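Everything on this sheet refers to the single structure shown next.
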Amino acid sequence: MTDATVTAIIATHNSRRYIDKCIAHLRRQSHQIGEIIVVDSGSTDTEYLEVFQSARDIKLIYESNIGYSAANNRGYQERSHHADYIIFLNPDTFLLEDCVSQGIAKLASRADVGVISGRLTGFDSVNMKSTGKLDSTGVFRKIYGRWYDRGRELPDTGQFMCEQEVPALCGALLFCRHEALENLGGMIFDQDFFLYKEDIEFSLRLRKNGWKLLYSPDLQAYHCRGWQKRNKVSNQLKEIAAESEILLYRKHPSPYIFWAYLKYWLVVIFRI
């Protein structure tokens, strides 16, 4: 499908360190992306986005701090034309040059798959190089209910190279078939989730609608995941993360909700 049209949507918030590199990688794709929509969700200073103001391939939208889910939904609603495929992308995710063409080819060959993601490896945005560790190769669920990114922080030794259907996908890169999003009414992500876990909830809803989710190592990207060092994360973000985890297990029941509540109170009371 060489004529397939693609729109990329990026929700930003104080993303000065990453956004230039993210967009540069989008522009270097072997299959051209027709439109890039950047929705800023309440950055304290939006000056860093002004360089894209006159770019023909980029639409900039400025919002208050409405959260990651709402910002992505706004981007989806503001598309200027129909696209066969929609990519939701974190601003700290950098796609390798054949990622889009691989995504199109995979979805074109699997009519039952609604969303595909790839092999995400860590990236050090300070030293501008790969960390040599995996970030995500699909999202899985432990027998006792906890969701986790498979391979996260493991040394990259070439493992997880088999394509497979997975229970959920990491929101850093969601390559979506347009048809899978059509009956969601424009609310692609559940806006009850301000930040974190919205990708898992989205994955579960799509599966309930009959779509399959695919992990393919042929789609490759770097992901900085700047918040991964817990001792450098603000207490506010820790509370948001804990609240989102509780919300996920309330909407999609799991025994793990009891541990989620415990973690929430540990964060609120003991600030850990």
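Ordering of the structure tokens sets the chain letters (A, B, ...), residue numbers begin anew at 1 in every chain, and ligands are numbered from 1 in the order given.
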Can you list, as a ChimeraX atom specification, all residues belonging to region 40-253 of chain A that DSSP tags as helix (DSSP H, G or I)? /A:47-52,68-77,99-109,178-184,198-208,230-232,235-251
Which residues, written as an MDAnalysis selection string, have at least one atom at most 10 Å from region 20-29 of chain A, with only C-alpha atoms counted and residues fewer than 2 positions away on the same chain left out? chainID A and resid 8 10 15:18 31:34 36 38 48:49 51:52 57:58 89:101 125 221:223
Export, as a JSON list (two decimals), in the first residue's frame, the selected residues with N, CA and C atoms.
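out04.json, freshly written:
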```json
[["chain", "number", "residue", "atom", "x", "y", "z"],
["A", 8, "ALA", "N", 0.48, 11.39, 12.16],
["A", 8, "ALA", "CA", 1.14, 11.18, 13.45],
["A", 8, "ALA", "C", 0.65, 12.22, 14.44],
["A", 10, "ILE", "N", 1.22, 13.75, 18.37],
["A", 10, "ILE", "CA", 2.15, 13.81, 19.49],
["A", 10, "ILE", "C", 1.60, 14.76, 20.54],
["A", 15, "SER", "N", 8.42, 19.44, 26.54],
["A", 15, "SER", "CA", 9.18, 18.40, 25.81],
["A", 15, "SER", "C", 10.32, 18.98, 24.98],
["A", 16, "ARG", "N", 10.87, 20.09, 25.41],
["A", 16, "ARG", "CA", 11.92, 20.76, 24.65],
["A", 16, "ARG", "C", 13.09, 19.82, 24.32],
["A", 17, "ARG", "N", 13.45, 18.96, 25.25],
["A", 17, "ARG", "CA", 14.63, 18.12, 25.08],
["A", 17, "ARG", "C", 14.46, 17.11, 23.94],
["A", 18, "TYR", "N", 13.21, 16.73, 23.65],
["A", 18, "TYR", "CA", 12.98, 15.61, 22.75],
["A", 18, "TYR", "C", 12.36, 15.95, 21.40],
["A", 31, "HIS", "N", 8.47, 5.89, 4.25],
["A", 31, "HIS", "CA", 7.12, 6.19, 3.79],
["A", 31, "HIS", "C", 6.71, 7.53, 4.40],
["A", 32, "GLN", "N", 6.43, 8.49, 3.56],
["A", 32, "GLN", "CA", 6.17, 9.85, 4.03],
["A", 32, "GLN", "C", 4.91, 9.92, 4.88],
["A", 33, "ILE", "N", 5.00, 10.68, 5.97],
["A", 33, "ILE", "CA", 3.86, 10.95, 6.83],
["A", 33, "ILE", "C", 3.17, 12.22, 6.32],
["A", 34, "GLY", "N", 1.87, 12.12, 6.08],
["A", 34, "GLY", "CA", 1.15, 13.24, 5.48],
["A", 34, "GLY", "C", 0.96, 14.42, 6.40],
["A", 36, "ILE", "N", 1.57, 15.81, 10.67],
["A", 36, "ILE", "CA", 2.02, 15.65, 12.05],
["A", 36, "ILE", "C", 1.26, 16.66, 12.89],
["A", 38, "VAL", "N", 0.80, 18.21, 16.58],
["A", 38, "VAL", "CA", 1.42, 18.36, 17.90],
["A", 38, "VAL", "C", 0.45, 19.12, 18.80],
["A", 48, "TYR", "N", 9.64, 26.74, 22.56],
["A", 48, "TYR", "CA", 10.38, 25.70, 21.84],
["A", 48, "TYR", "C", 9.61, 25.12, 20.66],
["A", 49, "LEU", "N", 8.30, 25.36, 20.60],
["A", 49, "LEU", "CA", 7.49, 24.85, 19.50],
["A", 49, "LEU", "C", 7.37, 25.85, 18.34],
["A", 51, "VAL", "N", 9.40, 27.03, 16.29],
["A", 51, "VAL", "CA", 10.15, 26.70, 15.09],
["A", 51, "VAL", "C", 9.29, 25.90, 14.10],
["A", 52, "PHE", "N", 8.24, 25.26, 14.60],
["A", 52, "PHE", "CA", 7.36, 24.46, 13.74],
["A", 52, "PHE", "C", 6.13, 25.23, 13.27],
["A", 57, "ASP", "N", 3.86, 20.61, 7.10],
["A", 57, "ASP", "CA", 3.46, 19.25, 7.48],
["A", 57, "ASP", "C", 3.06, 19.13, 8.94],
["A", 58, "ILE", "N", 3.08, 20.25, 9.69],
["A", 58, "ILE", "CA", 2.81, 20.19, 11.13],
["A", 58, "ILE", "C", 1.67, 21.12, 11.49],
["A", 89, "LEU", "N", 2.22, 8.89, 19.31],
["A", 89, "LEU", "CA", 3.65, 8.81, 19.56],
["A", 89, "LEU", "C", 4.04, 9.72, 20.72],
["A", 90, "ASN", "N", 4.82, 9.20, 21.64],
["A", 90, "ASN", "CA", 5.36, 10.07, 22.69],
["A", 90, "ASN", "C", 6.42, 10.99, 22.10],
["A", 91, "PRO", "N", 6.59, 12.20, 22.63],
["A", 91, "PRO", "CA", 7.60, 13.10, 22.08],
["A", 91, "PRO", "C", 9.03, 12.63, 22.30],
["A", 92, "ASP", "N", 9.22, 11.67, 23.21],
["A", 92, "ASP", "CA", 10.56, 11.14, 23.45],
["A", 92, "ASP", "C", 10.75, 9.78, 22.79],
["A", 93, "THR", "N", 9.98, 9.52, 21.72],
["A", 93, "THR", "CA", 10.11, 8.30, 20.93],
["A", 93, "THR", "C", 10.64, 8.66, 19.55],
["A", 94, "PHE", "N", 11.67, 7.95, 19.12],
["A", 94, "PHE", "CA", 12.32, 8.24, 17.84],
["A", 94, "PHE", "C", 12.24, 7.01, 16.94],
["A", 95, "LEU", "N", 11.49, 7.11, 15.86],
["A", 95, "LEU", "CA", 11.26, 5.98, 14.97],
["A", 95, "LEU", "C", 12.43, 5.79, 14.01],
["A", 96, "LEU", "N", 12.88, 4.54, 13.88],
["A", 96, "LEU", "CA", 13.85, 4.23, 12.84],
["A", 96, "LEU", "C", 13.19, 4.37, 11.48],
["A", 97, "GLU", "N", 13.98, 4.58, 10.42],
["A", 97, "GLU", "CA", 13.45, 5.11, 9.16],
["A", 97, "GLU", "C", 12.45, 4.20, 8.45],
["A", 98, "ASP", "N", 12.44, 2.91, 8.71],
["A", 98, "ASP", "CA", 11.49, 2.02, 8.05],
["A", 98, "ASP", "C", 10.31, 1.64, 8.94],
["A", 99, "CYS", "N", 10.19, 2.29, 10.08],
["A", 99, "CYS", "CA", 9.16, 1.92, 11.05],
["A", 99, "CYS", "C", 7.75, 2.08, 10.44],
["A", 100, "VAL", "N", 7.49, 3.20, 9.80],
["A", 100, "VAL", "CA", 6.16, 3.45, 9.25],
["A", 100, "VAL", "C", 5.85, 2.49, 8.11],
["A", 101, "SER", "N", 6.79, 2.28, 7.20],
["A", 101, "SER", "CA", 6.55, 1.36, 6.09],
["A", 101, "SER", "C", 6.32, -0.06, 6.59],
["A", 125, "SER", "N", 18.88, 10.51, 26.54],
["A", 125, "SER", "CA", 18.72, 11.81, 25.88],
["A", 125, "SER", "C", 19.78, 12.82, 26.31],
["A", 221, "ALA", "N", 12.14, 1.39, 17.34],
["A", 221, "ALA", "CA", 12.17, 2.79, 17.77],
["A", 221, "ALA", "C", 12.95, 2.89, 19.08],
["A", 222, "TYR", "N", 13.44, 4.09, 19.35],
["A", 222, "TYR", "CA", 14.06, 4.40, 20.63],
["A", 222, "TYR", "C", 13.03, 5.11, 21.51],
["A", 223, "HIS", "N", 13.11, 4.87, 22.81],
["A", 223, "HIS", "CA", 12.23, 5.56, 23.75],
["A", 223, "HIS", "C", 13.05, 6.01, 24.95]]
```
Test item, strand (DSSP E) assignment across region 23-262 of chain A, answer as a PyMOL selection string: chain A and resi 35-41+58-63+85-89+93-95+113-124+129-136+139-141+147-149+164-165+173-177+212-223
Identify which of the residues A:Arg150, A:Pro217, A:Arg207, A:Ala4 lies closest to His82 (chain A), counting only C-alpha atoms when measuring atom-to-atom distances.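 Closest residue, counting only C-alpha atoms: A:Ala4.
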CA of Glu245 (chain A) to CA of Val115 (chain A), distance in Å rounded to a single decimal: 22.3 Å
Which neighbours of Arg119 (chain A) fall inside 12 Å, counting only C-alpha atoms, when residues of the same chain fewer than 5 positions from it are skipped, and could you give them as a VMD selection string? chain A and resid 93 to 96 99 103 133 to 139 149 to 152 156 158 to 164 169 to 170 172 to 174 214 to 223
Those selected residues, please, written with N, CA and C atoms and delivered as a short mmCIF file (atom, residue, chain, number, x, y, z; two decimals), in the first residue's frame.
```cif
data_model
loop_
_atom_site.label_atom_id
_atom_site.label_comp_id
_atom_site.auth_asym_id
_atom_site.auth_seq_id
_atom_site.Cartn_x
_atom_site.Cartn_y
_atom_site.Cartn_z
N THR A 93 9.98 9.52 21.72
CA THR A 93 10.11 8.30 20.93
C THR A 93 10.64 8.66 19.55
N PHE A 94 11.67 7.95 19.12
CA PHE A 94 12.32 8.24 17.84
C PHE A 94 12.24 7.01 16.94
N LEU A 95 11.49 7.11 15.86
CA LEU A 95 11.26 5.98 14.97
C LEU A 95 12.43 5.79 14.01
N LEU A 96 12.88 4.54 13.88
CA LEU A 96 13.85 4.23 12.84
C LEU A 96 13.19 4.37 11.48
N CYS A 99 10.19 2.29 10.08
CA CYS A 99 9.16 1.92 11.05
C CYS A 99 7.75 2.08 10.44
N GLY A 103 5.02 -0.83 9.56
CA GLY A 103 3.71 -0.84 10.18
C GLY A 103 2.59 -0.97 9.16
N LYS A 133 19.63 -1.16 26.50
CA LYS A 133 18.63 -1.93 27.22
C LYS A 133 17.28 -1.82 26.51
N LEU A 134 16.45 -2.82 26.71
CA LEU A 134 15.11 -2.79 26.15
C LEU A 134 14.21 -1.86 26.95
N ASP A 135 13.19 -1.34 26.28
CA ASP A 135 12.19 -0.51 26.94
C ASP A 135 10.84 -1.21 26.99
N SER A 136 10.39 -1.74 25.85
CA SER A 136 9.13 -2.49 25.82
C SER A 136 9.09 -3.35 24.57
N THR A 137 8.61 -4.58 24.76
CA THR A 137 8.34 -5.47 23.62
C THR A 137 6.91 -6.01 23.77
N GLY A 138 6.02 -5.12 24.12
CA GLY A 138 4.63 -5.50 24.40
C GLY A 138 4.36 -5.43 25.89
N VAL A 139 3.10 -5.29 26.23
CA VAL A 139 2.68 -5.19 27.63
C VAL A 139 1.92 -6.46 28.00
N ASP A 149 5.74 -3.91 31.17
CA ASP A 149 6.38 -3.89 29.85
C ASP A 149 7.39 -5.04 29.79
N ARG A 150 7.16 -5.97 28.87
CA ARG A 150 8.09 -7.09 28.75
C ARG A 150 9.47 -6.61 28.32
N GLY A 151 10.48 -7.09 29.01
CA GLY A 151 11.86 -6.78 28.66
C GLY A 151 12.39 -5.49 29.24
N ARG A 152 11.57 -4.72 29.90
CA ARG A 152 11.97 -3.41 30.40
C ARG A 152 13.23 -3.49 31.25
N ASP A 156 19.85 -5.53 25.98
CA ASP A 156 19.38 -5.91 24.65
C ASP A 156 20.35 -6.92 24.05
N GLY A 158 19.17 -9.19 21.71
CA GLY A 158 18.50 -9.71 20.54
C GLY A 158 17.35 -10.64 20.84
N GLN A 159 16.83 -10.57 22.08
CA GLN A 159 15.71 -11.43 22.46
C GLN A 159 14.38 -10.82 21.99
N PHE A 160 13.32 -11.61 22.13
CA PHE A 160 11.95 -11.20 21.77
C PHE A 160 11.86 -10.76 20.30
N MET A 161 12.40 -11.59 19.43
CA MET A 161 12.41 -11.26 18.00
C MET A 161 11.31 -11.96 17.21
N CYS A 162 10.35 -12.57 17.92
CA CYS A 162 9.24 -13.23 17.25
C CYS A 162 8.00 -12.35 17.27
N GLU A 163 7.37 -12.19 16.13
CA GLU A 163 6.12 -11.44 16.04
C GLU A 163 5.01 -12.23 16.73
N GLN A 164 4.16 -11.53 17.51
CA GLN A 164 3.09 -12.23 18.22
C GLN A 164 1.97 -11.29 18.61
N LEU A 169 -0.34 -2.90 24.50
CA LEU A 169 0.81 -2.28 23.85
C LEU A 169 1.21 -0.99 24.56
N CYS A 170 2.49 -0.68 24.50
CA CYS A 170 3.03 0.53 25.12
C CYS A 170 2.62 1.77 24.33
N ALA A 172 3.97 4.55 23.97
CA ALA A 172 5.03 5.34 23.34
C ALA A 172 4.96 5.25 21.82
N LEU A 173 4.41 4.12 21.32
CA LEU A 173 4.24 3.94 19.88
C LEU A 173 3.03 3.06 19.63
N LEU A 174 1.96 3.67 19.15
CA LEU A 174 0.73 2.94 18.81
C LEU A 174 0.42 3.22 17.35
N LEU A 214 -0.82 -6.44 17.96
CA LEU A 214 0.35 -7.16 17.46
C LEU A 214 1.65 -6.48 17.87
N TYR A 215 2.57 -7.29 18.37
CA TYR A 215 3.95 -6.84 18.58
C TYR A 215 4.79 -7.37 17.44
N SER A 216 5.53 -6.49 16.77
CA SER A 216 6.43 -6.91 15.70
C SER A 216 7.81 -6.30 15.91
N PRO A 217 8.84 -7.12 15.98
CA PRO A 217 10.20 -6.58 16.14
C PRO A 217 10.69 -5.86 14.89
N ASP A 218 9.95 -5.98 13.78
CA ASP A 218 10.34 -5.28 12.56
C ASP A 218 10.09 -3.77 12.65
N LEU A 219 9.21 -3.36 13.56
CA LEU A 219 9.03 -1.93 13.86
C LEU A 219 9.99 -1.60 14.99
N GLN A 220 10.91 -0.70 14.74
CA GLN A 220 11.93 -0.40 15.75
C GLN A 220 11.95 1.10 16.06
N ALA A 221 12.14 1.39 17.34
CA ALA A 221 12.17 2.79 17.77
C ALA A 221 12.95 2.89 19.08
N TYR A 222 13.44 4.09 19.35
CA TYR A 222 14.06 4.40 20.63
C TYR A 222 13.03 5.11 21.51
N HIS A 223 13.11 4.87 22.81
CA HIS A 223 12.23 5.56 23.75
C HIS A 223 13.05 6.01 24.95
#
```
Nearby residues (only C-alpha atoms) at most 8 Å from Phe123 (chain A), same-chain spacing under 3 positions excluded, as a PyMOL selection string: chain A and resi 128-132+222-225
